[in-house]
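For reference, the structure discussed in these notes is given below.
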Amino acid sequence: MDELRAWLAALAEPEYAAFMGKLLPGVSGILGVRMGHLRKMARQLARSNWQALEARWNHACYEEAMLHGLVLALAPMDFARHAALLSDFAGGIHNWAVCDSVAASCKFAARDPETAFSWASGLASGPGEFSARFGLVVMLDHLLASREWARRCLEQARACPPGRYYTDMARAWLAAEACLRYPQAAQPLLAGPGWDPFTRRAAALKIRQSLRCTPALAEWTRSPDFA
């Protein structure tokens with residue numbers, strides 16, 4: 001672990017750390033190591049004896065937390081162990097960047113969507129702001145492969161308790177993506193009851209900001225049926 005931390009320190013870029021600090025207000029311990037380096041090291045660790053490091057991570061800096069999560073997402077193991085380790089990891093996430101990057105790396109979820117949906121739904125329904133966001137981003141990145149899955153994920157997002165900013169933004173992101181991919185299936189759900197005003201407005205804005213948004217879809221987000 002000392003060698004790993006020395007490697008992180010050697011790749012630190014103060015200017016990049018300052019840039020990341022603006023994107024992650026309130027997050028301390030940012031060294032400024034670029035994601036390309038972290039992903040490369042995570043792949044190497046995931047192919048080696050990653051289990052030997054598991055009890056030694058302490059997330060002394062932002063990059064160490066990111067690297068730990070990436071290793072857990074990429075390491076070969078069965079689904080049950082992936083879910084257990086990543087659920088525990090998600091409970092300690094404190095910023096959107098680690099949350100979204102690690103969730104996006106959970107490509108194993110797409111291989112067993114039914115089990116992955118159950119796991120991600122449990123996280124999304126929980127009390128933690130970032131662990132709930134983690135579950136929603138797993139759905140967004142790996143489970144929107146069909147109209148039926150988009151409907152199920154959208155229903156789960158609607159059922160999540162509102163009022164937590166980063167969770168609500170993930171709910172809006174998922175809703176927008178579902179509408180952009182499968183408008184006929186998703187529009188009735190997003191326009192229907194059960195959404196708080198903030199999340200519905202955020203979803204509408206994300207839809208209109210997308211390059212894939214059609215004029216008809218943009219008009220719909222402004223119509224009385226949507227509001």
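Going by the structure tokens order, chains are called A, B, ..., each with residues numbered from 1, while ligands are numbered from 1 in the order shown.
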
- Task: Find the residues near stretch 18-33 of chain A: any atom within 7 Å, counting only C-alpha atoms, skip ones fewer than 4 places away on the same chain, and give them as a ChimeraX atom specification.
- Result: /A:8,11-14,37,61-63

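Excluding A:Arg147 and any residue on its chain fewer than 3 positions from it, the residues at most 10 Å away by only C-alpha atoms are Leu144, Ala150, Arg151, Arg152, Cys153, Ala178, Cys179, Arg181, Tyr182, Pro183, Gln184, Ala185 and Ala186 of chain A.
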
Atoms kept (C-alpha atoms) for selection, written as an mmCIF file, in the first residue's frame:
```
data_model
loop_
_atom_site.group_PDB
_atom_site.id
_atom_site.type_symbol
_atom_site.label_atom_id
_atom_site.label_comp_id
_atom_site.auth_asym_id
_atom_site.auth_seq_id
_atom_site.Cartn_x
_atom_site.Cartn_y
_atom_site.Cartn_z
ATOM 1 C CA LEU A 144 -31.634 0.574 -19.771
ATOM 2 C CA ALA A 150 -36.452 1.447 -18.843
ATOM 3 C CA ARG A 151 -39.977 1.279 -17.441
ATOM 4 C CA ARG A 152 -38.890 -0.747 -14.418
ATOM 5 C CA CYS A 153 -35.924 1.486 -13.681
ATOM 6 C CA ALA A 178 -35.185 6.751 -20.398
ATOM 7 C CA CYS A 179 -37.284 9.362 -22.199
ATOM 8 C CA ARG A 181 -34.164 6.326 -25.550
ATOM 9 C CA TYR A 182 -37.765 5.149 -25.282
ATOM 10 C CA PRO A 183 -40.055 8.182 -25.321
ATOM 11 C CA GLN A 184 -43.332 6.300 -25.853
ATOM 12 C CA ALA A 185 -42.663 4.012 -22.895
ATOM 13 C CA ALA A 186 -41.175 6.597 -20.552
#
```

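Atom CA of A:Ala109 lies 17.2 Å from atom CA of A:Leu154.
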
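In this comparison, which uses only C-alpha atoms, the residue of A:Ala124, A:Leu205, A:Ala52, A:Ala83 approaching A:Tyr166 most closely is A:Ala124.
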
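Minimum distance to A:Gly36 across A:Leu53, A:Ala6, A:Leu70, A:Leu180 (counting only C-alpha atoms) occurs at A:Leu70.
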
- Query: Please, what distance in Å, to one decimal, runs between atom CA of A:Ala84 and atom CA of A:Pro113?
  - Reply: 16.5 Å

- Query: Out of stretch 25-213 of chain A, which residues get alpha helix (DSSP H) from DSSP, as a PyMOL selection string?
  - Reply: chain A and resi 35-46+62-74+79-90+96-104+113-124+129-142+147-159+165-181+183-191+197-209

Contacts of A:Asp2 at 12 Å (only C-alpha atoms; same-chain gap of 6+ positions) as a tab-separated table (two decimals) with all heavy atoms, in the first residue's frame:
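Final file, part.tsv:
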```tsv
chain	number	residue	atom	x	y	z
A	8	LEU	N	0.69	7.25	-6.44
A	8	LEU	CA	-0.30	8.32	-6.56
A	8	LEU	C	0.36	9.69	-6.38
A	8	LEU	O	0.08	10.62	-7.14
A	8	LEU	CB	-1.41	8.13	-5.51
A	8	LEU	CG	-2.39	6.98	-5.74
A	8	LEU	CD1	-3.29	6.81	-4.52
A	8	LEU	CD2	-3.23	7.20	-6.98
A	9	ALA	N	1.22	9.80	-5.39
A	9	ALA	CA	1.88	11.08	-5.13
A	9	ALA	C	2.76	11.50	-6.31
A	9	ALA	O	2.82	12.69	-6.66
A	9	ALA	CB	2.72	10.99	-3.86
A	53	LEU	N	-5.23	-6.36	-0.55
A	53	LEU	CA	-5.32	-4.93	-0.26
A	53	LEU	C	-6.62	-4.56	0.45
A	53	LEU	O	-6.72	-3.45	0.99
A	53	LEU	CB	-5.22	-4.11	-1.56
A	53	LEU	CG	-3.89	-4.08	-2.28
A	53	LEU	CD1	-4.05	-3.35	-3.62
A	53	LEU	CD2	-2.83	-3.39	-1.44
A	56	ARG	N	-6.64	-2.92	3.73
A	56	ARG	CA	-5.62	-1.88	3.91
A	56	ARG	C	-6.02	-0.52	3.33
A	56	ARG	O	-5.33	0.47	3.56
A	56	ARG	CB	-4.31	-2.35	3.29
A	56	ARG	CG	-3.79	-3.65	3.92
A	56	ARG	CD	-2.56	-4.16	3.21
A	56	ARG	NE	-1.43	-3.24	3.35
A	56	ARG	CZ	-0.29	-3.36	2.67
A	56	ARG	NH1	-0.14	-4.34	1.80
A	56	ARG	NH2	0.68	-2.48	2.84
A	57	TRP	N	-7.10	-0.47	2.56
A	57	TRP	CA	-7.56	0.82	2.05
A	57	TRP	C	-8.04	1.69	3.21
A	57	TRP	O	-8.79	1.23	4.07
A	57	TRP	CB	-8.71	0.64	1.08
A	57	TRP	CG	-8.42	-0.17	-0.15
A	57	TRP	CD1	-8.76	-1.47	-0.39
A	57	TRP	CD2	-7.76	0.29	-1.34
A	57	TRP	NE1	-8.35	-1.86	-1.64
A	57	TRP	CE2	-7.73	-0.81	-2.25
A	57	TRP	CE3	-7.18	1.49	-1.71
A	57	TRP	CZ2	-7.16	-0.71	-3.51
A	57	TRP	CZ3	-6.60	1.59	-2.97
A	57	TRP	CH2	-6.59	0.50	-3.85
A	58	ASN	N	-7.67	2.94	3.22
A	58	ASN	CA	-8.23	3.85	4.23
A	58	ASN	C	-8.73	5.16	3.62
A	58	ASN	O	-9.14	6.06	4.35
A	58	ASN	CB	-7.23	4.12	5.35
A	58	ASN	CG	-6.01	4.91	4.90
A	58	ASN	OD1	-5.96	5.41	3.77
A	58	ASN	ND2	-5.03	5.04	5.77
A	60	ALA	N	-7.30	7.68	2.27
A	60	ALA	CA	-6.60	8.85	2.80
A	60	ALA	C	-6.69	10.04	1.86
A	60	ALA	O	-6.46	11.17	2.27
A	60	ALA	CB	-5.13	8.49	3.06
A	64	GLU	N	-7.42	7.59	-3.71
A	64	GLU	CA	-7.39	6.25	-3.13
A	64	GLU	C	-8.80	5.67	-3.05
A	64	GLU	O	-9.02	4.48	-3.33
A	64	GLU	CB	-6.75	6.26	-1.75
A	64	GLU	CG	-6.55	4.86	-1.18
A	64	GLU	CD	-5.81	4.83	0.14
A	64	GLU	OE1	-4.90	5.68	0.34
A	64	GLU	OE2	-6.12	3.95	0.96
```

- Got a sec: who's within 10 Å of A:Pro161, counting only C-alpha atoms, leaving out chain neighbours fewer than 3 positions off, as a VMD selection string? chain A and resid 124 to 127 132 157 to 158 164 167 to 168 195 to 196

Closest-contact table, stretch 61-151 of chain A side, partner stretch 44-49 of chain A, 7 Å, counting only C-alpha atoms, as JSON lines:
```
{"residue": "A:Val71", "atom": "CA", "partner": "A:Ala46", "partner_atom": "CA", "distance": 5.3}
{"residue": "A:Leu74", "atom": "CA", "partner": "A:Ala46", "partner_atom": "CA", "distance": 6.0}
{"residue": "A:Ala75", "atom": "CA", "partner": "A:Ala46", "partner_atom": "CA", "distance": 4.3}
```

Now that the selection is made, can you save its residues with all heavy atoms as a JSON list (two decimals), in the first residue's frame?
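The resulting result_15.json:
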```json
[["chain", "number", "residue", "atom", "x", "y", "z"],
["A", 71, "VAL", "N", -11.32, -0.92, -8.45],
["A", 71, "VAL", "CA", -10.82, -2.28, -8.31],
["A", 71, "VAL", "C", -11.97, -3.23, -7.97],
["A", 71, "VAL", "O", -12.09, -4.32, -8.55],
["A", 71, "VAL", "CB", -9.72, -2.36, -7.23],
["A", 71, "VAL", "CG1", -9.38, -3.81, -6.91],
["A", 71, "VAL", "CG2", -8.47, -1.62, -7.69],
["A", 74, "LEU", "N", -14.05, -3.91, -11.05],
["A", 74, "LEU", "CA", -13.39, -4.60, -12.16],
["A", 74, "LEU", "C", -12.88, -5.99, -11.81],
["A", 74, "LEU", "O", -12.69, -6.82, -12.71],
["A", 74, "LEU", "CB", -12.22, -3.75, -12.65],
["A", 74, "LEU", "CG", -12.55, -2.37, -13.23],
["A", 74, "LEU", "CD1", -11.27, -1.59, -13.49],
["A", 74, "LEU", "CD2", -13.35, -2.50, -14.50],
["A", 75, "ALA", "N", -12.65, -6.27, -10.55],
["A", 75, "ALA", "CA", -12.05, -7.55, -10.15],
["A", 75, "ALA", "C", -12.99, -8.71, -10.45],
["A", 75, "ALA", "O", -14.21, -8.58, -10.29],
["A", 75, "ALA", "CB", -11.70, -7.52, -8.67]]
```

- Query: Between A:His94, A:His142, A:Arg208, A:Arg34, which has the minimum distance to A:Phe117 (counting only C-alpha atoms)?
  - Reply: A:His142

- Could you check which of A:Trp220, A:Phe226, A:Trp50, A:Trp173 is closest to A:Pro197, using only C-alpha atoms? A:Phe226

- Task: Could you please determine the separation between atom CA of A:Phe134 and atom CA of A:Ala120 in Å, to one decimal place?
- Result: 7.7 Å

- Give me the residues within 12 Å of A:Phe79 as a PyMOL selection string, counting only C-alpha atoms and dropping any in the same chain fewer than 5 places off. chain A and resi 72-74+84-87+106-116+118-119

- So which residues touch stretch 198-202 of chain A within 7 Å, counting only C-alpha atoms, skipping near sequence neighbours fewer than 6 positions away, as a PyMOL selection string? chain A and resi 168-169+171-172

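Distance check against A:Gly91 using only C-alpha atoms: of A:Ala55, A:Leu67, A:Leu211, A:Leu123, the minimum falls on A:Leu123.
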